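Q: Please find target36.txt (compact mmCIF, C-alpha atoms and all ligand atoms) on the next line:
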# COMPACT_ATOMS: atom_id res chain seq x y z
CA MET A 1 0.00 0.00 0.00
CA SER A 2 1.28 3.44 -0.90
CA HIS A 3 -0.45 5.61 1.71
CA HIS A 4 1.74 6.90 4.53
CA ALA A 5 1.21 6.06 8.14
CA LYS A 6 -1.07 8.74 9.55
CA HIS A 7 -0.86 7.71 13.18
CA ASP A 8 1.83 7.28 15.77
CA ILE A 9 1.36 3.60 16.59
CA ARG A 10 4.29 3.55 19.03
CA LYS A 11 2.52 6.17 21.11
CA ILE A 12 -0.87 4.46 20.87
CA SER A 13 0.63 1.14 21.87
CA GLY A 14 1.61 2.74 25.19
CA ASN A 15 -2.08 2.58 26.15
CA PHE A 16 -2.25 -1.21 25.78
CA GLN A 17 -0.90 -4.16 27.77
CA MET A 18 1.63 -5.00 25.08
CA PRO A 19 4.13 -7.70 25.91
CA GLY A 20 7.58 -6.91 24.50
CA ASP A 21 9.21 -3.94 22.80
CA PHE A 22 7.75 -1.97 19.94
CA ILE A 23 9.87 -2.18 16.76
CA SER A 24 7.83 -0.70 13.89
CA ALA A 25 4.36 -0.36 12.34
CA GLU A 26 3.09 -0.12 8.76
CA PRO A 27 -0.34 0.47 7.18
CA TYR A 28 -1.78 -2.92 6.33
CA GLY A 29 -4.48 -4.61 4.27
CA SER A 30 -7.04 -3.35 1.80
CA GLY A 31 -10.11 -2.66 3.96
CA HIS A 32 -12.35 0.25 2.96
CA ILE A 33 -13.36 1.41 6.44
CA ASN A 34 -10.90 1.24 9.33
CA ASP A 35 -7.24 2.30 9.51
CA THR A 36 -5.27 -0.90 9.96
CA TYR A 37 -1.58 -1.25 10.90
CA ALA A 38 0.62 -4.29 11.36
CA ALA A 39 3.07 -3.70 14.22
CA LYS A 40 6.24 -5.63 14.97
CA TYR A 41 7.34 -6.33 18.52
CA CYS A 42 10.26 -8.12 20.04
CA GLN A 43 9.52 -10.50 22.89
CA GLY A 44 12.71 -11.81 24.45
CA GLY A 45 14.44 -11.89 21.09
CA ILE A 46 11.44 -13.36 19.25
CA PRO A 47 9.63 -11.21 16.64
CA VAL A 48 5.86 -11.04 17.16
CA LYS A 49 3.18 -9.09 15.27
CA TYR A 50 -0.03 -7.32 16.23
CA ILE A 51 -2.82 -5.62 14.31
CA PHE A 52 -3.69 -2.07 15.43
CA GLN A 53 -6.94 -0.60 14.19
CA ARG A 54 -8.47 2.80 14.43
CA ILE A 55 -12.22 2.24 14.41
CA ASN A 56 -13.87 4.51 11.87
CA HIS A 57 -16.25 6.38 14.18
CA ASN A 58 -17.77 8.24 11.25
CA VAL A 59 -19.17 4.88 10.17
CA PHE A 60 -19.55 3.22 13.59
CA LYS A 61 -21.22 5.76 15.84
CA ASN A 62 -20.87 3.83 19.10
CA PRO A 63 -17.46 2.13 19.33
CA PRO A 64 -17.83 0.97 22.97
CA ALA A 65 -21.07 -0.88 22.07
CA LEU A 66 -19.37 -2.33 18.99
CA MET A 67 -16.47 -3.57 21.11
CA ASP A 68 -18.93 -5.07 23.58
CA ASN A 69 -20.34 -7.12 20.68
CA ILE A 70 -16.88 -8.21 19.61
CA MET A 71 -15.91 -9.30 23.13
CA ARG A 72 -19.08 -11.34 23.53
CA VAL A 73 -18.72 -12.91 20.10
CA THR A 74 -15.01 -13.75 20.31
CA ASP A 75 -15.32 -15.15 23.88
CA HIS A 76 -18.20 -17.36 22.79
CA LEU A 77 -16.44 -18.50 19.62
CA ARG A 78 -13.33 -19.37 21.60
CA SER A 79 -15.27 -21.53 24.03
CA LYS A 80 -16.92 -23.31 21.09
CA LEU A 81 -13.70 -23.80 19.17
CA ALA A 82 -11.88 -25.20 22.20
CA SER A 83 -14.23 -28.18 22.18
CA SER A 84 -14.56 -28.56 18.41
CA ALA A 85 -13.15 -31.15 16.05
CA CYS A 86 -11.29 -28.47 14.12
CA PRO A 87 -8.28 -27.47 16.27
CA SER A 88 -6.80 -25.15 13.64
CA ARG A 89 -9.76 -22.71 13.78
CA GLN A 90 -9.16 -19.55 15.78
CA ALA A 91 -11.16 -16.62 17.08
CA LEU A 92 -9.76 -13.10 17.03
CA ARG A 93 -8.06 -12.22 20.31
CA LEU A 94 -7.95 -8.67 21.66
CA ILE A 95 -5.19 -7.15 23.77
CA HIS A 96 -6.69 -5.05 26.55
CA SER A 97 -5.83 -1.47 27.40
CA LEU A 98 -3.98 -0.50 30.57
CA ASP A 99 -7.35 0.22 32.17
CA GLU A 100 -8.66 -3.26 31.25
CA LYS A 101 -10.88 -2.26 28.37
CA PRO A 102 -10.90 -4.01 24.95
CA TYR A 103 -10.11 -0.66 23.30
CA CYS A 104 -8.67 2.74 24.16
CA LEU A 105 -9.72 6.28 23.36
CA ASP A 106 -6.76 8.50 22.43
CA SER A 107 -6.38 12.24 22.98
CA ASP A 108 -7.58 12.95 19.40
CA GLY A 109 -10.90 11.23 20.07
CA ASN A 110 -10.00 8.08 18.15
CA TYR A 111 -10.90 4.59 19.32
CA TRP A 112 -8.16 1.99 18.94
CA ARG A 113 -8.04 -1.77 19.39
CA VAL A 114 -5.29 -4.35 19.12
CA TYR A 115 -5.58 -7.93 17.87
CA ILE A 116 -3.03 -10.71 17.97
CA PHE A 117 -1.79 -11.18 14.40
CA ILE A 118 -3.00 -14.39 12.73
CA GLU A 119 0.27 -15.93 11.48
CA ASP A 120 0.82 -18.26 8.52
CA ALA A 121 -2.48 -17.29 6.95
CA SER A 122 -3.55 -14.84 4.23
CA SER A 123 -6.60 -12.91 3.13
CA TYR A 124 -7.39 -12.68 -0.59
CA ASP A 125 -8.93 -9.82 -2.55
CA VAL A 126 -9.68 -12.13 -5.49
CA ILE A 127 -10.68 -15.77 -5.49
CA LYS A 128 -8.13 -18.14 -6.97
CA THR A 129 -9.50 -21.66 -6.61
CA PRO A 130 -12.85 -23.34 -5.90
CA GLU A 131 -11.22 -24.85 -2.83
CA GLN A 132 -10.78 -21.33 -1.41
CA ALA A 133 -14.43 -20.57 -2.07
CA PHE A 134 -15.42 -23.81 -0.35
CA GLN A 135 -13.21 -23.13 2.69
CA ALA A 136 -14.28 -19.49 3.05
CA ALA A 137 -17.97 -20.43 2.91
CA LYS A 138 -17.42 -23.31 5.31
CA ALA A 139 -15.76 -20.95 7.79
CA PHE A 140 -18.53 -18.32 7.56
CA GLY A 141 -21.20 -21.06 7.89
CA GLU A 142 -19.47 -22.38 10.97
CA PHE A 143 -19.23 -18.85 12.35
CA GLN A 144 -23.02 -18.45 12.08
CA LYS A 145 -23.56 -21.90 13.52
CA ASN A 146 -21.38 -21.23 16.55
CA LEU A 147 -23.30 -18.04 17.29
CA VAL A 148 -26.77 -19.61 17.22
CA ASP A 149 -26.64 -19.99 21.02
CA LEU A 150 -24.80 -16.79 21.97
CA PRO A 151 -25.94 -15.94 25.50
CA GLY A 152 -26.72 -12.46 26.79
CA GLY A 153 -29.49 -11.04 24.65
CA ARG A 154 -29.57 -9.33 21.28
CA LEU A 155 -26.32 -7.84 19.97
CA HIS A 156 -26.09 -4.07 19.41
CA GLU A 157 -26.88 -2.96 15.89
CA THR A 158 -23.59 -1.26 15.08
CA ILE A 159 -25.03 0.30 11.91
CA LEU A 160 -28.79 0.64 11.69
CA ASP A 161 -30.45 -0.77 8.55
CA PHE A 162 -27.07 -1.95 7.29
CA HIS A 163 -28.61 -4.46 4.86
CA ASN A 164 -31.94 -2.72 4.42
CA THR A 165 -31.80 -2.54 0.63
CA PRO A 166 -34.91 -0.33 0.26
CA LYS A 167 -33.28 2.22 2.59
CA ARG A 168 -30.08 1.98 0.52
CA TYR A 169 -32.23 2.86 -2.50
CA GLU A 170 -33.74 5.82 -0.65
CA ALA A 171 -30.24 7.11 0.06
CA LEU A 172 -29.32 6.67 -3.61
CA GLU A 173 -32.39 8.56 -4.78
CA LYS A 174 -31.59 11.42 -2.39
CA ALA A 175 -28.01 11.52 -3.68
CA ILE A 176 -29.23 11.60 -7.28
CA GLU A 177 -31.60 14.44 -6.50
CA LYS A 178 -29.03 16.43 -4.56
CA ASP A 179 -26.20 15.69 -7.01
CA ALA A 180 -23.85 17.40 -4.53
CA VAL A 181 -20.72 17.17 -6.69
CA ASN A 182 -22.30 17.23 -10.16
CA ARG A 183 -21.60 13.62 -10.99
CA ALA A 184 -25.09 12.33 -11.79
CA ALA A 185 -24.69 13.00 -15.52
CA SER A 186 -21.57 10.83 -15.62
CA ALA A 187 -23.43 7.92 -14.03
CA LYS A 188 -26.61 7.98 -16.09
CA LYS A 189 -26.36 4.37 -17.24
CA GLU A 190 -25.60 3.06 -13.76
CA ILE A 191 -28.47 5.03 -12.23
CA GLU A 192 -30.85 3.56 -14.81
CA PHE A 193 -29.53 0.07 -14.12
CA THR A 194 -30.24 0.32 -10.41
CA LEU A 195 -33.66 1.94 -10.70
CA ALA A 196 -34.77 -0.78 -13.13
CA ARG A 197 -34.19 -3.35 -10.37
CA LYS A 198 -35.74 -1.54 -7.44
CA ASP A 199 -38.64 -4.02 -7.28
CA ILE A 200 -36.46 -6.77 -5.77
CA ALA A 201 -34.97 -4.57 -3.02
CA GLY A 202 -37.47 -5.43 -0.28
CA LYS A 203 -37.80 -9.17 -0.92
CA LEU A 204 -35.78 -10.60 2.00
CA ILE A 205 -37.06 -8.07 4.51
CA GLU A 206 -40.65 -8.91 3.50
CA LEU A 207 -39.99 -12.63 3.95
CA ASN A 208 -38.58 -11.92 7.40
CA LYS A 209 -41.54 -9.73 8.36
CA ALA A 210 -43.91 -12.47 7.18
CA GLY A 211 -42.16 -14.92 9.51
CA LYS A 212 -40.79 -16.99 6.66
CA ILE A 213 -37.08 -16.44 7.33
CA PRO A 214 -35.68 -15.91 10.85
CA GLU A 215 -33.38 -13.29 12.26
CA ARG A 216 -30.04 -14.79 13.28
CA ILE A 217 -26.62 -13.52 14.28
CA THR A 218 -24.75 -12.87 11.07
CA HIS A 219 -21.40 -11.38 10.10
CA ASN A 220 -22.83 -9.01 7.48
CA ASP A 221 -19.51 -8.29 5.75
CA THR A 222 -18.37 -11.68 4.50
CA LYS A 223 -16.16 -10.49 1.72
CA LEU A 224 -13.46 -12.95 0.85
CA ASN A 225 -10.73 -10.86 2.47
CA ASN A 226 -12.56 -11.01 5.80
CA VAL A 227 -11.55 -14.63 6.35
CA MET A 228 -7.94 -15.70 6.90
CA ILE A 229 -6.95 -18.78 4.90
CA ASP A 230 -4.20 -21.04 6.26
CA ASP A 231 -1.11 -20.86 4.03
CA LYS A 232 -0.36 -24.57 4.42
CA THR A 233 -3.68 -26.39 4.72
CA GLY A 234 -5.82 -23.95 2.70
CA GLU A 235 -8.47 -24.05 5.44
CA GLY A 236 -10.30 -20.99 6.76
CA VAL A 237 -8.55 -20.37 10.06
CA CYS A 238 -10.24 -17.24 11.34
CA VAL A 239 -13.17 -15.04 10.45
CA ILE A 240 -12.12 -11.40 10.94
CA ASP A 241 -13.61 -7.89 10.62
CA LEU A 242 -16.31 -8.35 13.24
CA ASP A 243 -17.57 -4.74 13.35
CA THR A 244 -20.85 -5.59 11.68
CA VAL A 245 -21.62 -8.84 13.51
CA MET A 246 -25.22 -8.26 14.62
CA PRO A 247 -28.76 -9.50 14.05
CA GLY A 248 -29.32 -10.23 10.36
CA LEU A 249 -30.43 -12.77 7.77
CA VAL A 250 -28.17 -15.58 6.59
CA HIS A 251 -28.66 -14.24 3.07
CA TYR A 252 -26.66 -11.13 3.85
CA ASP A 253 -23.66 -13.37 4.45
CA PHE A 254 -24.16 -15.85 1.64
CA GLY A 255 -24.96 -13.01 -0.78
CA ASP A 256 -21.72 -11.18 -0.03
CA MET A 257 -19.77 -14.42 -0.50
CA VAL A 258 -21.29 -14.74 -3.98
CA ARG A 259 -20.40 -11.10 -4.64
CA THR A 260 -16.76 -11.47 -3.64
CA SER A 261 -15.92 -15.10 -4.35
CA THR A 262 -17.44 -16.04 -7.70
CA SER A 263 -15.87 -13.46 -10.03
CA PRO A 264 -12.21 -13.75 -11.08
CA ALA A 265 -11.84 -9.95 -11.11
CA LEU A 266 -11.03 -7.36 -8.44
CA GLU A 267 -13.87 -5.33 -6.96
CA ASP A 268 -12.59 -2.24 -8.81
CA GLU A 269 -11.61 -3.93 -12.10
CA LYS A 270 -11.99 -1.54 -15.03
CA ASP A 271 -12.11 -4.21 -17.72
CA LEU A 272 -15.68 -5.35 -17.21
CA SER A 273 -15.27 -8.24 -19.63
CA LYS A 274 -13.40 -9.97 -16.79
CA VAL A 275 -16.32 -9.72 -14.37
CA LYS A 276 -18.62 -12.73 -14.21
CA MET A 277 -20.30 -15.18 -11.90
CA GLN A 278 -18.50 -18.49 -12.37
CA PRO A 279 -20.86 -21.38 -11.69
CA HIS A 280 -18.12 -23.68 -10.42
CA MET A 281 -17.22 -21.08 -7.78
CA PHE A 282 -20.89 -20.68 -6.89
CA GLU A 283 -21.16 -24.43 -6.45
CA ALA A 284 -18.05 -24.51 -4.24
CA LEU A 285 -19.53 -21.74 -2.05
CA LEU A 286 -22.83 -23.53 -1.77
CA ARG A 287 -21.20 -26.83 -0.82
CA GLY A 288 -18.85 -25.20 1.67
CA TYR A 289 -21.61 -23.17 3.27
CA ILE A 290 -24.03 -26.08 3.49
CA SER A 291 -21.33 -28.31 4.99
CA THR A 292 -21.54 -26.25 8.19
CA ALA A 293 -24.86 -24.35 7.97
CA ALA A 294 -27.07 -27.33 7.07
CA ASP A 295 -27.53 -28.00 10.80
CA PHE A 296 -29.66 -24.91 11.29
CA LEU A 297 -30.83 -23.68 7.85
CA THR A 298 -34.55 -23.93 7.09
CA PRO A 299 -35.76 -24.98 3.61
CA THR A 300 -36.94 -21.42 2.89
CA GLU A 301 -33.60 -19.95 3.89
CA LYS A 302 -31.91 -22.40 1.53
CA GLU A 303 -34.27 -21.59 -1.32
CA TYR A 304 -33.27 -17.92 -1.29
CA LEU A 305 -29.49 -18.41 -1.25
CA PRO A 306 -29.10 -17.91 -5.03
CA PHE A 307 -31.31 -14.81 -4.91
CA SER A 308 -29.17 -13.35 -2.12
CA GLY A 309 -26.14 -13.21 -4.40
CA LYS A 310 -27.97 -10.98 -6.83
CA LEU A 311 -29.55 -8.78 -4.17
CA ILE A 312 -26.45 -8.18 -2.05
CA THR A 313 -24.32 -7.49 -5.13
CA LEU A 314 -26.93 -4.99 -6.30
CA GLU A 315 -27.08 -3.47 -2.81
CA ILE A 316 -23.33 -2.90 -2.54
CA GLY A 317 -23.40 -1.49 -6.09
CA VAL A 318 -26.10 0.94 -4.96
CA ARG A 319 -23.92 1.94 -2.00
CA PHE A 320 -20.82 2.52 -4.15
CA LEU A 321 -22.88 4.56 -6.61
CA THR A 322 -24.42 6.60 -3.78
CA ASP A 323 -20.98 7.33 -2.40
CA TYR A 324 -19.70 8.35 -5.85
CA LEU A 325 -22.63 10.76 -6.23
CA SER A 326 -22.09 12.11 -2.70
CA GLY A 327 -18.41 12.93 -3.25
CA ASP A 328 -16.75 9.80 -1.76
CA VAL A 329 -17.58 10.38 1.87
CA TYR A 330 -17.87 6.76 3.07
CA PHE A 331 -15.58 4.23 1.36
CA LYS A 332 -11.84 4.93 1.11
CA VAL A 333 -10.94 5.78 -2.48
CA HIS A 334 -7.55 5.65 -4.16
CA ARG A 335 -8.26 7.19 -7.58
CA ASP A 336 -10.76 9.40 -9.42
CA GLY A 337 -14.02 7.61 -10.16
CA HIS A 338 -13.06 4.75 -7.86
CA ASN A 339 -16.53 4.29 -6.40
CA LEU A 340 -18.11 4.50 -9.86
CA ASP A 341 -15.71 1.80 -11.09
CA ARG A 342 -16.61 -0.34 -8.08
CA SER A 343 -20.33 0.10 -8.75
CA ARG A 344 -19.85 -0.92 -12.39
CA THR A 345 -18.26 -4.24 -11.47
CA GLN A 346 -21.17 -4.92 -9.12
CA PHE A 347 -23.73 -4.23 -11.82
CA LYS A 348 -21.86 -6.35 -14.35
CA LEU A 349 -21.87 -9.18 -11.83
CA VAL A 350 -25.61 -8.71 -11.18
CA GLU A 351 -26.21 -9.12 -14.93
CA SER A 352 -24.08 -12.23 -15.01
CA ILE A 353 -26.03 -13.72 -12.08
CA GLU A 354 -29.32 -12.85 -13.77
CA GLU A 355 -28.27 -14.72 -16.90
CA GLN A 356 -27.50 -17.84 -14.87
CA GLU A 357 -30.35 -17.77 -12.36
CA GLU A 358 -32.10 -20.85 -13.68
CA ASN A 359 -28.91 -22.88 -13.65
CA ILE A 360 -27.96 -21.98 -10.11
CA MET A 361 -31.48 -22.82 -8.89
CA LYS A 362 -31.09 -26.25 -10.51
CA LEU A 363 -27.73 -26.62 -8.85
CA LEU A 364 -29.21 -25.76 -5.46
CA HIS A 365 -31.93 -28.37 -5.87
CA SER A 366 -29.39 -31.00 -6.87
CA ILE A 367 -27.36 -30.59 -3.65
P1 LIG B 1 -11.64 -3.18 7.41
O1 LIG B 1 -12.88 -3.09 8.24
O2 LIG B 1 -11.08 -1.86 7.09
O3 LIG B 1 -11.87 -4.04 6.21
P2 LIG B 1 -10.27 -5.48 8.58
O4 LIG B 1 -10.55 -5.79 10.02
O5 LIG B 1 -10.92 -6.34 7.58
O6 LIG B 1 -10.55 -3.93 8.32
O7 LIG B 1 -8.68 -5.56 8.40
C1 LIG B 1 -8.07 -5.22 7.17
C2 LIG B 1 -7.11 -6.32 6.74
O8 LIG B 1 -6.10 -6.51 7.76
C3 LIG B 1 -7.74 -7.70 6.57
O9 LIG B 1 -8.28 -7.90 5.28
C4 LIG B 1 -6.58 -8.64 6.85
O10 LIG B 1 -5.78 -8.82 5.71
C5 LIG B 1 -5.75 -7.89 7.88
N1 LIG B 1 -6.05 -8.33 9.26
C6 LIG B 1 -7.04 -7.89 10.08
N2 LIG B 1 -6.99 -8.50 11.28
C7 LIG B 1 -5.94 -9.36 11.23
C8 LIG B 1 -5.33 -10.27 12.18
N3 LIG B 1 -5.80 -10.41 13.43
N4 LIG B 1 -4.24 -10.98 11.76
C9 LIG B 1 -3.73 -10.83 10.52
N5 LIG B 1 -4.25 -9.98 9.59
C10 LIG B 1 -5.33 -9.25 9.94
C1 LIG B 2 -16.65 -2.41 3.45
O1 LIG B 2 -14.67 -3.01 5.91
P1 LIG B 2 -14.60 -3.73 4.59
O2 LIG B 2 -13.65 -3.12 3.62
O3 LIG B 2 -14.38 -5.20 4.84
C2 LIG B 2 -18.08 -2.27 3.93
C3 LIG B 2 -18.92 -3.44 3.42
C4 LIG B 2 -18.87 -3.47 1.89
C5 LIG B 2 -17.41 -3.55 1.46
C6 LIG B 2 -17.29 -3.46 -0.03
C7 LIG B 2 -18.80 -1.34 7.49
O4 LIG B 2 -16.09 -3.61 3.98
O5 LIG B 2 -20.27 -3.28 3.83
O6 LIG B 2 -19.58 -4.57 1.42
O7 LIG B 2 -16.63 -2.49 2.03
N1 LIG B 2 -18.11 -2.24 5.39
C8 LIG B 2 -18.86 -1.32 6.02
O8 LIG B 2 -16.02 -3.85 -0.42
O9 LIG B 2 -19.57 -0.50 5.42
MG MG B 3 -12.29 -6.07 6.03
Please rewrite the model in this file as structure tokens.

A:
Amino acid sequence: MSHHAKHDIRKISGNFQMPGDFISAEPYGSGHINDTYAAKYCQGGIPVKYIFQRINHNVFKNPPALMDNIMRVTDHLRSKLASSACPSRQALRLIHSLDEKPYCLDSDGNYWRVYIFIEDASSYDVIKTPEQAFQAAKAFGEFQKNLVDLPGGRLHETILDFHNTPKRYEALEKAIEKDAVNRAASAKKEIEFTLARKDIAGKLIELNKAGKIPERITHNDTKLNNVMIDDKTGEGVCVIDLDTVMPGLVHYDFGDMVRTSTSPALEDEKDLSKVKMQPHMFEALLRGYISTAADFLTPTEKEYLPFSGKLITLEIGVRFLTDYLSGDVYFKVHRDGHNLDRSRTQFKLVESIEEQEENIMKLLHSI
């Protein structure tokens, strides 16, 4: 990554119960929301790494509540994993602050947290093999499964209406009307594309309201690079990026897996001819997900898995387009028109899913 470190991680680390001596820290990863750094420490001559993150409080309005969710979720996952048949699976582990909190608030008003670095594993921005798709989906399915019996009441909603697609459309329509930075004319085709599909936006929410699909605890941001894949075994070792773990529908998670793990192209690929839903990747996702989620999924939940890929891809496309029209105020951007490019890949993928809808329904019914 080319951006320079904006924060003094050495100073921030002084607020945490860090074992060892600070060596250095660098910006890390390709997330669109938080500021992430990998920091090197020396512990009795042994090099050890940690992840420092500044929580984006523009996006997450209540960081202490968010961290309360993450503590509950990671503690519960750890107790489940300790007794599971899969010893390689891990849960994220937080380092506490000097005053025993899972985060610290610095003098600039920023919330920071520190995770132990997951070693010998990688996160991928683009899918490479069907095995990766299978393992990622298996890990996210197991994540949902392990949270079915989370004690302690409903989790905080860290972002209200996060996957409320009709509300995402409302925001888009407001941004089109306002046209704050005069970009609507340059996105005419994309605006038309989204508005032509508005009728499907409320489908999952309606099914939930009608009692046909249940609320569960979901991750809500299951992009491929939010699961660490073991470098040696190829297995999903740890689900990460837990900021949006909250009540949701399983379709939000499966849909975002389809969005990020079936196309061979980057999310911001400019050559749209590379963007497509590959049925063998879809099948690998489905098999991986069902291998762990079958225990709790209802027939109706299963039936809407293919639809979720289309809806969630459309929804994220709507969000990228809204942010483009609003002047790039939400997602980090690294070039002009970045959010517009991102929205275009989403819409191309939606088209590709639409063309193959019948086939993927057949596939679902054959599994
Ligand atoms: P964002 O919300 O900005 O996407 P993430 O929590 O996903 O932030 O972190 C960004 C990237 O940092 C991840 O994609 C992953 O590559 C890396 N990362 C995050 N946590 C860890 C960890 N505990 N160990 C190793 N790498 C991590
Ligand atoms: C953001 O945090 P990150 O980069 O994993 C976003 C997701 C989008 C994704 C699109 C809190 O995810 O909802 O699907 O970008 N996270 C938030 O790449 O808005
Ligand atoms: Mg992430």

Q: Would you pick out the contacts of A:Ala25 at 8 Å or less, using only C-alpha atoms, so that residues sharing its chain but fewer than 4 positions from it are not included, and give the list as a PDB file with C-alpha atoms, in the coordinates of the input?

A:
ATOM      1  CA  ILE A   9       1.360   3.600  16.590  1.00  0.00           C
ATOM      2  CA  ARG A  10       4.290   3.550  19.030  1.00  0.00           C
ATOM      3  CA  TYR A  37      -1.580  -1.250  10.900  1.00  0.00           C
ATOM      4  CA  ALA A  38       0.620  -4.290  11.360  1.00  0.00           C
ATOM      5  CA  ALA A  39       3.070  -3.700  14.220  1.00  0.00           C
ATOM      6  CA  LYS A  40       6.240  -5.630  14.970  1.00  0.00           C
TER       7      LYS A  40
END

Q: Taking (-33.1, -6.6, -1.3) in the file's own coordinates, collect the residues within 12 Å, counting all atoms listed in the file, and hand them back as an mmCIF file with C-alpha atoms, in the coordinates of the input.

A:
data_model
loop_
_atom_site.group_PDB
_atom_site.id
_atom_site.type_symbol
_atom_site.label_atom_id
_atom_site.label_comp_id
_atom_site.auth_asym_id
_atom_site.auth_seq_id
_atom_site.Cartn_x
_atom_site.Cartn_y
_atom_site.Cartn_z
ATOM 1 C CA ASP A 161 -30.450 -0.770 8.550
ATOM 2 C CA PHE A 162 -27.070 -1.950 7.290
ATOM 3 C CA HIS A 163 -28.610 -4.460 4.860
ATOM 4 C CA ASN A 164 -31.940 -2.720 4.420
ATOM 5 C CA THR A 165 -31.800 -2.540 0.630
ATOM 6 C CA PRO A 166 -34.910 -0.330 0.260
ATOM 7 C CA LYS A 167 -33.280 2.220 2.590
ATOM 8 C CA ARG A 168 -30.080 1.980 0.520
ATOM 9 C CA TYR A 169 -32.230 2.860 -2.500
ATOM 10 C CA THR A 194 -30.240 0.320 -10.410
ATOM 11 C CA ARG A 197 -34.190 -3.350 -10.370
ATOM 12 C CA LYS A 198 -35.740 -1.540 -7.440
ATOM 13 C CA ASP A 199 -38.640 -4.020 -7.280
ATOM 14 C CA ILE A 200 -36.460 -6.770 -5.770
ATOM 15 C CA ALA A 201 -34.970 -4.570 -3.020
ATOM 16 C CA GLY A 202 -37.470 -5.430 -0.280
ATOM 17 C CA LYS A 203 -37.800 -9.170 -0.920
ATOM 18 C CA LEU A 204 -35.780 -10.600 2.000
ATOM 19 C CA ILE A 205 -37.060 -8.070 4.510
ATOM 20 C CA GLU A 206 -40.650 -8.910 3.500
ATOM 21 C CA LEU A 207 -39.990 -12.630 3.950
ATOM 22 C CA ASN A 208 -38.580 -11.920 7.400
ATOM 23 C CA LEU A 249 -30.430 -12.770 7.770
ATOM 24 C CA HIS A 251 -28.660 -14.240 3.070
ATOM 25 C CA TYR A 252 -26.660 -11.130 3.850
ATOM 26 C CA GLY A 255 -24.960 -13.010 -0.780
ATOM 27 C CA TYR A 304 -33.270 -17.920 -1.290
ATOM 28 C CA PHE A 307 -31.310 -14.810 -4.910
ATOM 29 C CA SER A 308 -29.170 -13.350 -2.120
ATOM 30 C CA GLY A 309 -26.140 -13.210 -4.400
ATOM 31 C CA LYS A 310 -27.970 -10.980 -6.830
ATOM 32 C CA LEU A 311 -29.550 -8.780 -4.170
ATOM 33 C CA ILE A 312 -26.450 -8.180 -2.050
ATOM 34 C CA THR A 313 -24.320 -7.490 -5.130
ATOM 35 C CA LEU A 314 -26.930 -4.990 -6.300
ATOM 36 C CA GLU A 315 -27.080 -3.470 -2.810
ATOM 37 C CA ILE A 316 -23.330 -2.900 -2.540
ATOM 38 C CA GLY A 317 -23.400 -1.490 -6.090
ATOM 39 C CA VAL A 318 -26.100 0.940 -4.960
#

Q: Which residues sit within 6 Å of ligand LIG 2 (chain B), counting only C-alpha atoms and all ligand atoms, listed as a PDB file with C-alpha atoms, keeping the file's coordinate frame?

A:
ATOM      1  CA  GLY A  31     -10.110  -2.660   3.960  1.00  0.00           C
ATOM      2  CA  HIS A  32     -12.350   0.250   2.960  1.00  0.00           C
ATOM      3  CA  ILE A  33     -13.360   1.410   6.440  1.00  0.00           C
ATOM      4  CA  ASP A 221     -19.510  -8.290   5.750  1.00  0.00           C
ATOM      5  CA  ILE A 316     -23.330  -2.900  -2.540  1.00  0.00           C
TER       6      ILE A 316
END

Q: Name the residues, by chain letter and number, that sit within 12 Å of ligand MG 3 (chain B) using all atoms listed in the file, and give them as a PyMOL selection string.

A: chain A and resi 28-36+53+55+123-125+219-228+239-244+260+331

Q: Which one of A:Glu157, A:Glu142, A:Asp271, A:Asp108 sits closest to A:Lys61 if you count all atoms listed in the file?

A: A:Glu157

Q: At what distance in Å, to one decimal, does atom CA of A:Tyr111 lie from atom CA of A:Asn62?

A: 10.0 Å

Q: For A:Val73, which residue among A:Leu321, A:Met257, A:Ala133, A:Leu150 is the nearest when counting all atoms listed in the file?

A: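 Counting all atoms listed in the file, the residue closest to A:Val73 is A:Leu150.
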
Q: Would you compute an axis-aligned box for stretch 30-34 of chain A, covering every atom listed for it in the file with 3 Å of margin on each side, and report centre and edge lengths in Å to one decimal as JSON?

A:
{"center_x": -10.2, "center_y": -1.0, "center_z": 5.6, "size_x": 12.3, "size_y": 10.8, "size_z": 13.5}

Q: Hey, can you check how far atom CA of A:Gly234 sits from atom CA of A:Ala136?

A: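 Computing it gives 9.6 Å between the two atoms.
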
Q: Work out how far apart atom C4 of ligand LIG 1 (chain B) and atom CA of A:Glu301 are and give it in Å to one decimal.

A: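 Interatomic distance here is 29.4 Å.
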
Q: Which is closest to A:Pro27 among A:Arg72, A:His338, A:Lys138, A:Lys6, if we use all atoms listed in the file?

A: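 Going through A:Arg72, A:His338, A:Lys138, A:Lys6 one by one, the smallest distance to A:Pro27 is for A:Lys6.
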
Q: Dig up all the protein and nucleic acid residues within 7 Å of (-13.9, -11.6, 21.8) in the file frame, using all atoms listed in the file, and format them as a ChimeraX atom specification.

A: /A:70-75,92-94

Q: Find, counting all atoms listed in the file, the residue in A:Pro264, A:Gly327, A:Pro102, A:Pro87 that gets nearest to A:Gly236.

A: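 Using all atoms listed in the file, the shortest distance to A:Gly236 belongs to A:Pro87.
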
Q: Would you please work out which residue, of A:Phe347, A:Phe254, A:Asp336, A:Phe320, is nearest to A:Lys302 when using only C-alpha atoms?

A: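 Smallest separation from A:Lys302 among the options: A:Phe254.
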
Q: Within 12 Å of A:Gln43, counting all atoms listed in the file, which residues show up once you throw out same-chain ones fewer than 2 positions away? Write them as a PyMOL selection string, please.

A: chain A and resi 18-23+40-41+45-49

Q: Of the residues A:Ile217, A:Val114, A:Cys86, A:Leu81, which is the one nearest to ligand LIG 1 (chain B), using all atoms listed in the file?

A: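 For ligand LIG 1 (chain B), the nearest of the given residues is A:Val114.
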